Structure formats: C-alpha cells, structure tokens
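Shown next: protein35.cif, given as mmCIF, C-alpha atoms and all ligand atoms.
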data_entry
loop_
_atom_site.label_atom_id
_atom_site.label_comp_id
_atom_site.auth_asym_id
_atom_site.auth_seq_id
_atom_site.Cartn_x
_atom_site.Cartn_y
_atom_site.Cartn_z
CA MET A 133 18.81 90.89 137.69
CA LYS A 134 22.61 90.73 137.69
CA THR A 135 24.55 92.41 140.47
CA ALA A 136 28.06 93.83 140.73
CA LYS A 137 29.53 93.13 144.16
CA ILE A 138 32.35 94.80 146.09
CA PRO A 139 32.86 92.21 148.87
CA ALA A 140 35.39 94.38 150.78
CA THR A 141 32.78 97.07 151.39
CA ASN A 142 29.63 94.91 151.25
CA GLN A 143 28.35 97.10 148.42
CA GLU A 144 26.13 95.72 145.68
CA PHE A 145 24.92 97.44 142.53
CA PRO A 146 22.34 96.18 140.04
CA ILE A 147 24.29 96.06 136.79
CA GLY A 148 23.03 98.57 134.25
CA LYS A 149 24.56 99.08 130.87
CA ILE A 150 27.96 97.71 129.98
CA VAL A 151 29.81 100.14 127.73
CA CYS A 152 32.81 98.62 125.99
CA LEU A 153 35.78 100.03 124.13
CA ALA A 154 37.07 98.46 120.96
CA ARG A 155 40.65 98.89 119.74
CA ASN A 156 41.97 100.50 122.92
CA TYR A 157 45.30 98.68 122.74
CA ALA A 158 47.29 99.39 119.57
CA GLU A 159 48.84 95.93 119.26
CA HIS A 160 45.42 94.27 119.48
CA ALA A 161 43.95 96.65 116.89
CA ARG A 162 46.80 95.66 114.58
CA GLU A 163 46.31 91.91 115.10
CA LEU A 164 42.72 92.27 113.84
CA GLY A 165 43.77 94.51 110.97
CA ASN A 166 42.01 97.59 112.37
CA GLU A 167 43.25 101.16 112.50
CA THR A 168 43.68 102.72 115.94
CA PRO A 169 40.96 105.32 116.35
CA ALA A 170 41.38 108.93 117.45
CA ALA A 171 38.20 108.80 119.55
CA PRO A 172 37.12 105.75 121.59
CA VAL A 173 35.08 103.20 119.61
CA LEU A 174 32.13 102.15 121.77
CA PHE A 175 29.60 99.34 121.80
CA MET A 176 27.42 97.88 124.54
CA LYS A 177 26.59 94.53 126.04
CA PRO A 178 23.27 93.97 127.83
CA SER A 179 23.42 93.15 131.55
CA SER A 180 21.77 89.82 130.68
CA SER A 181 25.09 88.73 129.13
CA VAL A 182 26.88 88.72 132.51
CA ILE A 183 28.02 85.48 134.10
CA ALA A 184 29.95 85.17 137.37
CA ASP A 185 33.18 83.45 138.34
CA ASN A 186 32.98 79.67 137.81
CA GLY A 187 30.24 80.16 135.23
CA ALA A 188 30.10 78.78 131.70
CA VAL A 189 30.17 80.51 128.33
CA ARG A 190 27.71 78.87 125.97
CA ILE A 191 28.80 79.36 122.38
CA PRO A 192 25.69 79.93 120.24
CA SER A 193 25.07 77.33 117.52
CA TRP A 194 25.27 80.08 114.87
CA SER A 195 28.97 80.78 115.48
CA GLN A 196 32.04 78.70 114.70
CA GLU A 197 34.61 81.12 116.15
CA CYS A 198 34.21 82.44 119.70
CA HIS A 199 37.14 84.54 120.98
CA TYR A 200 38.23 85.57 124.50
CA GLU A 201 39.36 89.15 125.31
CA VAL A 202 40.52 89.81 128.88
CA GLU A 203 39.67 93.36 129.98
CA LEU A 204 39.83 95.64 133.01
CA ALA A 205 36.26 96.40 134.12
CA VAL A 206 35.43 99.74 135.76
CA LEU A 207 32.36 99.91 137.99
CA ILE A 208 30.62 103.27 138.14
CA GLY A 209 29.48 104.35 141.61
CA LYS A 210 27.99 107.80 141.00
CA THR A 211 25.73 109.29 138.36
CA SER A 212 28.07 110.72 135.74
CA ARG A 213 26.95 113.22 133.14
CA LYS A 214 29.43 115.29 131.17
CA VAL A 215 32.12 114.64 133.75
CA PRO A 216 35.38 116.54 133.23
CA VAL A 217 38.51 114.41 132.99
CA GLU A 218 39.87 115.83 136.26
CA ALA A 219 36.80 114.68 138.22
CA ALA A 220 36.24 111.37 136.46
CA MET A 221 38.03 109.09 138.91
CA GLU A 222 35.67 110.17 141.72
CA HIS A 223 32.95 108.29 139.84
CA VAL A 224 34.70 104.92 140.00
CA ALA A 225 33.42 102.52 142.67
CA GLY A 226 35.71 99.62 141.86
CA TYR A 227 37.65 97.50 139.40
CA GLY A 228 37.08 93.96 138.21
CA VAL A 229 38.10 91.36 135.64
CA ALA A 230 35.97 90.79 132.55
CA ILE A 231 36.22 88.65 129.46
CA ASP A 232 34.65 90.24 126.40
CA MET A 233 33.51 87.08 124.62
CA THR A 234 33.19 87.77 120.92
CA LEU A 235 31.75 85.75 118.04
CA ARG A 236 34.52 86.78 115.66
CA ASP A 237 33.03 85.16 112.56
CA VAL A 238 29.65 86.80 113.14
CA GLN A 239 31.29 90.14 113.95
CA ASN A 240 33.43 90.05 110.80
CA GLN A 241 30.44 89.21 108.60
CA LEU A 242 28.43 92.09 110.06
CA LYS A 243 31.35 94.53 109.89
CA ALA A 244 31.87 93.66 106.22
CA LYS A 245 28.26 94.62 105.54
CA GLY A 246 28.51 97.81 107.59
CA LEU A 247 25.97 96.44 110.07
CA PRO A 248 26.04 96.72 113.89
CA TRP A 249 27.76 93.77 115.55
CA GLU A 250 25.97 93.78 118.90
CA ILE A 251 24.81 90.17 118.51
CA ALA A 252 28.44 89.05 118.28
CA LYS A 253 29.12 90.70 121.65
CA GLY A 254 25.89 90.63 123.62
CA PHE A 255 24.62 87.06 123.48
CA ASP A 256 23.81 85.27 126.76
CA SER A 257 27.03 84.49 128.72
CA ALA A 258 29.13 86.89 126.59
CA CYS A 259 30.33 88.85 129.63
CA PRO A 260 32.11 86.84 132.36
CA LEU A 261 32.63 89.35 135.19
CA SER A 262 34.38 89.01 138.55
CA ASP A 263 33.55 90.68 141.82
CA PHE A 264 35.09 94.13 142.21
CA VAL A 265 37.79 95.57 144.47
CA PRO A 266 37.20 99.08 145.84
CA ALA A 267 38.64 101.87 143.71
CA ALA A 268 40.84 102.93 146.64
CA VAL A 269 42.75 99.63 146.37
CA ILE A 270 43.93 100.54 142.87
CA PRO A 271 45.62 103.96 142.95
CA ASP A 272 46.64 103.65 139.30
CA PRO A 273 44.55 101.49 136.93
CA HIS A 274 47.14 102.02 134.20
CA ASN A 275 49.77 99.90 135.87
CA LEU A 276 48.10 96.47 135.96
CA GLU A 277 49.05 93.17 134.36
CA LEU A 278 46.32 91.37 132.43
CA ARG A 279 46.64 87.67 131.71
CA LEU A 280 44.41 85.03 130.19
CA SER A 281 45.17 81.37 129.74
CA VAL A 282 43.20 78.61 128.05
CA ASN A 283 43.58 75.10 129.47
CA GLY A 284 46.62 76.33 131.40
CA GLU A 285 48.38 77.79 128.35
CA LEU A 286 49.10 81.54 128.52
CA LYS A 287 47.46 83.36 125.59
CA GLN A 288 47.25 87.02 126.62
CA ASN A 289 49.86 88.77 128.75
CA GLY A 290 49.55 92.54 128.61
CA THR A 291 49.62 95.65 130.71
CA SER A 292 47.00 98.36 131.14
CA SER A 293 49.81 100.88 130.66
CA ASP A 294 49.33 100.20 126.94
CA MET A 295 45.78 101.56 126.90
CA ILE A 296 45.33 104.24 124.23
CA HIS A 297 42.43 106.01 125.97
CA ARG A 298 42.84 105.99 129.76
CA VAL A 299 40.17 105.58 132.42
CA PRO A 300 39.52 109.28 133.21
CA GLN A 301 39.34 110.18 129.51
CA ILE A 302 37.09 107.18 128.86
CA ILE A 303 34.63 108.13 131.62
CA SER A 304 34.61 111.75 130.54
CA TYR A 305 34.02 110.82 126.89
CA ILE A 306 31.29 108.24 127.56
CA SER A 307 29.49 110.46 130.08
CA GLY A 308 29.23 113.16 127.42
CA ILE A 309 27.13 110.76 125.35
CA PHE A 310 25.37 108.40 127.76
CA THR A 311 24.71 109.34 131.37
CA LEU A 312 26.55 106.75 133.43
CA GLU A 313 24.65 105.50 136.46
CA PRO A 314 25.70 103.57 139.57
CA GLY A 315 26.06 99.94 138.53
CA ASP A 316 27.08 100.68 134.97
CA VAL A 317 30.27 98.93 133.91
CA ILE A 318 32.93 99.97 131.40
CA LEU A 319 35.12 97.38 129.67
CA THR A 320 38.33 99.15 128.72
CA GLY A 321 39.56 97.03 125.81
CA THR A 322 41.88 94.06 125.44
CA PRO A 323 45.61 93.65 124.87
CA ALA A 324 46.94 91.48 122.03
CA GLY A 325 46.73 87.70 121.95
CA VAL A 326 43.01 87.11 121.43
CA GLY A 327 41.97 83.78 119.99
CA PRO A 328 39.31 81.10 119.88
CA VAL A 329 37.94 78.73 122.51
CA GLN A 330 35.86 75.63 122.04
CA ALA A 331 33.44 73.59 124.10
CA GLY A 332 35.35 71.79 126.83
CA ASP A 333 37.98 74.51 127.25
CA THR A 334 38.63 76.32 130.53
CA MET A 335 39.70 79.98 130.65
CA ALA A 336 41.55 81.58 133.56
CA ALA A 337 41.74 85.38 133.51
CA GLU A 338 43.67 87.46 136.00
CA ILE A 339 44.44 91.14 136.60
CA SER A 340 47.10 91.93 139.19
CA ALA A 341 45.68 93.33 142.45
CA VAL A 342 42.15 93.17 141.00
CA GLY A 343 41.13 89.53 140.84
CA ARG A 344 40.64 86.48 138.72
CA LEU A 345 38.00 84.55 136.86
CA LYS A 346 37.70 80.88 136.01
CA ILE A 347 35.21 80.19 133.24
CA SER A 348 34.36 77.01 131.35
CA VAL A 349 33.20 76.84 127.75
CA GLN A 350 30.22 74.83 126.58
MG MG B 401 36.92 93.81 123.74
#

Starting from the file, give its structure as structure tokens.
Ligand code: MG
Amino acid sequence: MKTAKIPATNQEFPIGKIVCLARNYAEHARELGNETPAAPVLFMKPSSSVIADNGAVRIPSWSQECHYEVELAVLIGKTSRKVPVEAAMEHVAGYGVAIDMTLRDVQNQLKAKGLPWEIAKGFDSACPLSDFVPAAVIPDPHNLELRLSVNGELKQNGTSSDMIHRVPQIISYISGIFTLEPGDVILTGTPAGVGPVQAGDTMAAEISAVGRLKISVQ
C-alpha cells in the first residue's frame, strides 16, 4: 500500500484514489490543441501508480512518447461528499508536488478512437508524488510557482494563479460525483511546457513553499 505523508505533523494516510484534472491551465490546453472546458475534465490514476521522491519512472515498452506534467497535489483529510465551495478548504490536509506522467502517443491514439485513456495515465510509476506540507502552511494555493526541469534544463515554469478551476471549486465539483475520503489525492492540472523524457533522463520538479521531487527515467 502507498502512503501519503505529512512529516511536519507525523500524519500518514493510505493513498486512495487519485483524481486528476485535464486542461486546467488554458495555455497548456492550447499547446495540445484542446479546447478549455467549462466543467473540470476528470480522470483517475490508481494508487499503485505512485512512486516517491528519488524513484524511477519506467516507460512501458508499448509507448514511444512519455511526457512530464508538473502539478500541485491536494491531499484530502476528511470525508467529503457534496461539499459546498465555501467549506471545501476545510477538507484539505496538505499540499504536495506530483508529476502526471503521460504516454502521449497512447493517449492520442485512444482519444482519436473515442476510447478512455486511463492506461496512458495509470501505468506503474505514472505518479511521482512528494511528501505533503500541512494545509495551514499554504494560505493560498493559487499563488505558487511550479517548475520542472529535465537534466537541469527548465521546461515548465508556471504559476497556480493560472488555474481555470480553483481548489475549492474542484473539491466541491469532484465531491458531488465521487465521495472523497481521507488519503485521496487531487492533481490540479499542469501549466504549459510539457514534453517528452527518455530513459537516462532526470526530472526535477518544484513548487514554491510546497516541496520538490527528483525522479529518474528508465
Ligand atoms: Mg495532467
């Protein structure tokens, strides 16, 4: 079982479902040729896809194009069902750094056929995830800098202020569909600058005041 840790408070949660937003930054939606949606576009990763800091992404043999997407991760601390926007932030236990690893070629092939693209997002090692800082440390999650570099070269450099759907709205929306439980994680989407990595590369992801991740690629 994978666990989400908040070292500052010695809290640990077994990781449940990982609910992810697609196209939550307009510039990123544009770079992939997608329209920006009125409602959040959701998909999930299984908890088995999580790897920790200093872990390795293993690109499956059936993909030739594996992309990084740095994302702010929100850890749920309380059972959340049909939570109103005004109460949503009370359900956040902490914030972390995630990389939504995506098999872009596989995803594009499935999208073109109108098929679900879970396998492009949920394969083993597809969710590098840092430890979490307590929610109280981050008074405003919409004022954070997100950066990702590959082999020391900066590739993504965005700000969570560019999120289309914001954390309280996201929690309220998701909790109206799936009950969120302690240990569930939400990935809030990626800013522009996504691109491929290959075996032998090293990724460094960082979100200001939240943390960092160093992940190798195999
Ligand atoms: Mg993503």

Compile a residue-level contact table for chain A against ligand MG 401 (chain B) at a cut-off of 12 Å, reporting for every qualifying residue the shortest atom pair and its distance in Å to one decimal, with all atoms listed in the file counted, rows ordered by chain and ascending number, as JSON lines.
{"residue": "A:Ile150", "atom": "CA", "partner": "B:MG401", "partner_atom": "MG", "distance": 11.6}
{"residue": "A:Val151", "atom": "CA", "partner": "B:MG401", "partner_atom": "MG", "distance": 10.3}
{"residue": "A:Cys152", "atom": "CA", "partner": "B:MG401", "partner_atom": "MG", "distance": 6.7}
{"residue": "A:Leu153", "atom": "CA", "partner": "B:MG401", "partner_atom": "MG", "distance": 6.3}
{"residue": "A:Ala154", "atom": "CA", "partner": "B:MG401", "partner_atom": "MG", "distance": 5.4}
{"residue": "A:Arg155", "atom": "CA", "partner": "B:MG401", "partner_atom": "MG", "distance": 7.5}
{"residue": "A:Asn156", "atom": "CA", "partner": "B:MG401", "partner_atom": "MG", "distance": 8.4}
{"residue": "A:Tyr157", "atom": "CA", "partner": "B:MG401", "partner_atom": "MG", "distance": 9.7}
{"residue": "A:His160", "atom": "CA", "partner": "B:MG401", "partner_atom": "MG", "distance": 9.5}
{"residue": "A:Ala161", "atom": "CA", "partner": "B:MG401", "partner_atom": "MG", "distance": 10.2}
{"residue": "A:Leu164", "atom": "CA", "partner": "B:MG401", "partner_atom": "MG", "distance": 11.6}
{"residue": "A:Val173", "atom": "CA", "partner": "B:MG401", "partner_atom": "MG", "distance": 10.4}
{"residue": "A:Leu174", "atom": "CA", "partner": "B:MG401", "partner_atom": "MG", "distance": 9.8}
{"residue": "A:Phe175", "atom": "CA", "partner": "B:MG401", "partner_atom": "MG", "distance": 9.4}
{"residue": "A:Met176", "atom": "CA", "partner": "B:MG401", "partner_atom": "MG", "distance": 10.4}
{"residue": "A:Lys177", "atom": "CA", "partner": "B:MG401", "partner_atom": "MG", "distance": 10.6}
{"residue": "A:His199", "atom": "CA", "partner": "B:MG401", "partner_atom": "MG", "distance": 9.7}
{"residue": "A:Tyr200", "atom": "CA", "partner": "B:MG401", "partner_atom": "MG", "distance": 8.4}
{"residue": "A:Glu201", "atom": "CA", "partner": "B:MG401", "partner_atom": "MG", "distance": 5.5}
{"residue": "A:Val202", "atom": "CA", "partner": "B:MG401", "partner_atom": "MG", "distance": 7.4}
{"residue": "A:Glu203", "atom": "CA", "partner": "B:MG401", "partner_atom": "MG", "distance": 6.8}
{"residue": "A:Leu204", "atom": "CA", "partner": "B:MG401", "partner_atom": "MG", "distance": 9.9}
{"residue": "A:Ala205", "atom": "CA", "partner": "B:MG401", "partner_atom": "MG", "distance": 10.7}
{"residue": "A:Ala230", "atom": "CA", "partner": "B:MG401", "partner_atom": "MG", "distance": 9.4}
{"residue": "A:Ile231", "atom": "CA", "partner": "B:MG401", "partner_atom": "MG", "distance": 7.7}
{"residue": "A:Asp232", "atom": "CA", "partner": "B:MG401", "partner_atom": "MG", "distance": 5.0}
{"residue": "A:Met233", "atom": "CA", "partner": "B:MG401", "partner_atom": "MG", "distance": 7.6}
{"residue": "A:Thr234", "atom": "CA", "partner": "B:MG401", "partner_atom": "MG", "distance": 7.6}
{"residue": "A:Leu235", "atom": "CA", "partner": "B:MG401", "partner_atom": "MG", "distance": 11.1}
{"residue": "A:Arg236", "atom": "CA", "partner": "B:MG401", "partner_atom": "MG", "distance": 11.0}
{"residue": "A:Gln239", "atom": "CA", "partner": "B:MG401", "partner_atom": "MG", "distance": 11.9}
{"residue": "A:Glu250", "atom": "CA", "partner": "B:MG401", "partner_atom": "MG", "distance": 12.0}
{"residue": "A:Ala252", "atom": "CA", "partner": "B:MG401", "partner_atom": "MG", "distance": 11.2}
{"residue": "A:Lys253", "atom": "CA", "partner": "B:MG401", "partner_atom": "MG", "distance": 8.7}
{"residue": "A:Gly254", "atom": "CA", "partner": "B:MG401", "partner_atom": "MG", "distance": 11.5}
{"residue": "A:Ala258", "atom": "CA", "partner": "B:MG401", "partner_atom": "MG", "distance": 10.8}
{"residue": "A:Cys259", "atom": "CA", "partner": "B:MG401", "partner_atom": "MG", "distance": 10.1}
{"residue": "A:Ile318", "atom": "CA", "partner": "B:MG401", "partner_atom": "MG", "distance": 10.6}
{"residue": "A:Leu319", "atom": "CA", "partner": "B:MG401", "partner_atom": "MG", "distance": 7.2}
{"residue": "A:Thr320", "atom": "CA", "partner": "B:MG401", "partner_atom": "MG", "distance": 7.4}
{"residue": "A:Gly321", "atom": "CA", "partner": "B:MG401", "partner_atom": "MG", "distance": 4.7}
{"residue": "A:Thr322", "atom": "CA", "partner": "B:MG401", "partner_atom": "MG", "distance": 5.2}
{"residue": "A:Pro323", "atom": "CA", "partner": "B:MG401", "partner_atom": "MG", "distance": 8.8}
{"residue": "A:Ala324", "atom": "CA", "partner": "B:MG401", "partner_atom": "MG", "distance": 10.4}
{"residue": "A:Gly325", "atom": "CA", "partner": "B:MG401", "partner_atom": "MG", "distance": 11.7}
{"residue": "A:Val326", "atom": "CA", "partner": "B:MG401", "partner_atom": "MG", "distance": 9.3}
{"residue": "A:Gly327", "atom": "CA", "partner": "B:MG401", "partner_atom": "MG", "distance": 11.8}

Inset, instruction - Pull the neighbourhood of (38.6, 80.5, 123.3) for me: all residues within 10 Å in file coordinates, counting all atoms listed in the file, as a PyMOL selection string. - result: chain A and resi 189+191+197-201+233-234+281-283+287+326-335+348-349

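Using all atoms listed in the file, the shortest contact distance between Ala219 in chain A and any of A:Pro139, A:Pro178, A:Gly187, A:Pro300 is found at A:Pro300.
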
Inset, instruction - Grab the CA of Ile270 in chain A to CA of Lys137 in chain A distance for me, in Å with one decimal place. - result: 16.2 Å

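Using all atoms listed in the file, the shortest contact distance between Arg190 in chain A and any of A:Gly226, A:Gly165, A:Pro146, A:Pro260 is found at A:Pro260.
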
Legend entry - Using all atoms listed in the file: which of A:Ser181, A:Ser195, A:Ala225, A:Ile138 has the shortest distance to Glu313 in chain A: A:Ala225

Legend entry - Close residues, Asn289 in chain A itself excluded, 7 Å, all atoms listed in the file, min 3 positions apart in chain, as a list of chain:residue names: A:Leu278, A:Arg279, A:Leu280

Inset, instruction - Within 9 Å of Ile306 in chain A, counting only C-alpha atoms, which residues show up once you throw out same-chain ones fewer than 6 positions away? Write them as a ChimeraX atom specification, please. - result: /A:151,172,174,213-215,312

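The nearest approach to His223 in chain A among the residues A:Val265, A:Ala136, A:Val299, A:Ala336, with only C-alpha atoms taken into account, belongs to A:Val299.
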
Inset, instruction - Might you pull out every residue within 9 Å of Ala220 in chain A, with all atoms listed in the file counted and same-chain residues fewer than 4 positions away left off, and present them as a list in words? - result: Ser212, Val215, Pro216, Val224, Val299, Pro300, Gln301, Ile302, Ile303 and Ser304 of chain A

Legend entry - Straight-line distance linking CA of Phe255 in chain A with CA of Glu277 in chain A, stated in Å to one decimal: 27.4 Å

Legend entry - Selected residue, from A:Val342, A:His297, A:Val269, A:Gly209, that lies nearest to Thr168 in chain A when counting all atoms listed in the file: A:His297

Inset, instruction - Identify which of the residues A:His274, A:Lys346, A:Lys210, A:Lys245 lies closest to Ser307 in chain A, counting all atoms listed in the file when measuring atom-to-atom distances. - result: A:Lys210

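Once all atoms listed in the file are considered, the residues situated within 6 Å of the file point (46.9, 96.1, 137.0) turn out to be Pro273, Asn275, Leu276, Glu277, Ile339 and Ser340 of chain A.
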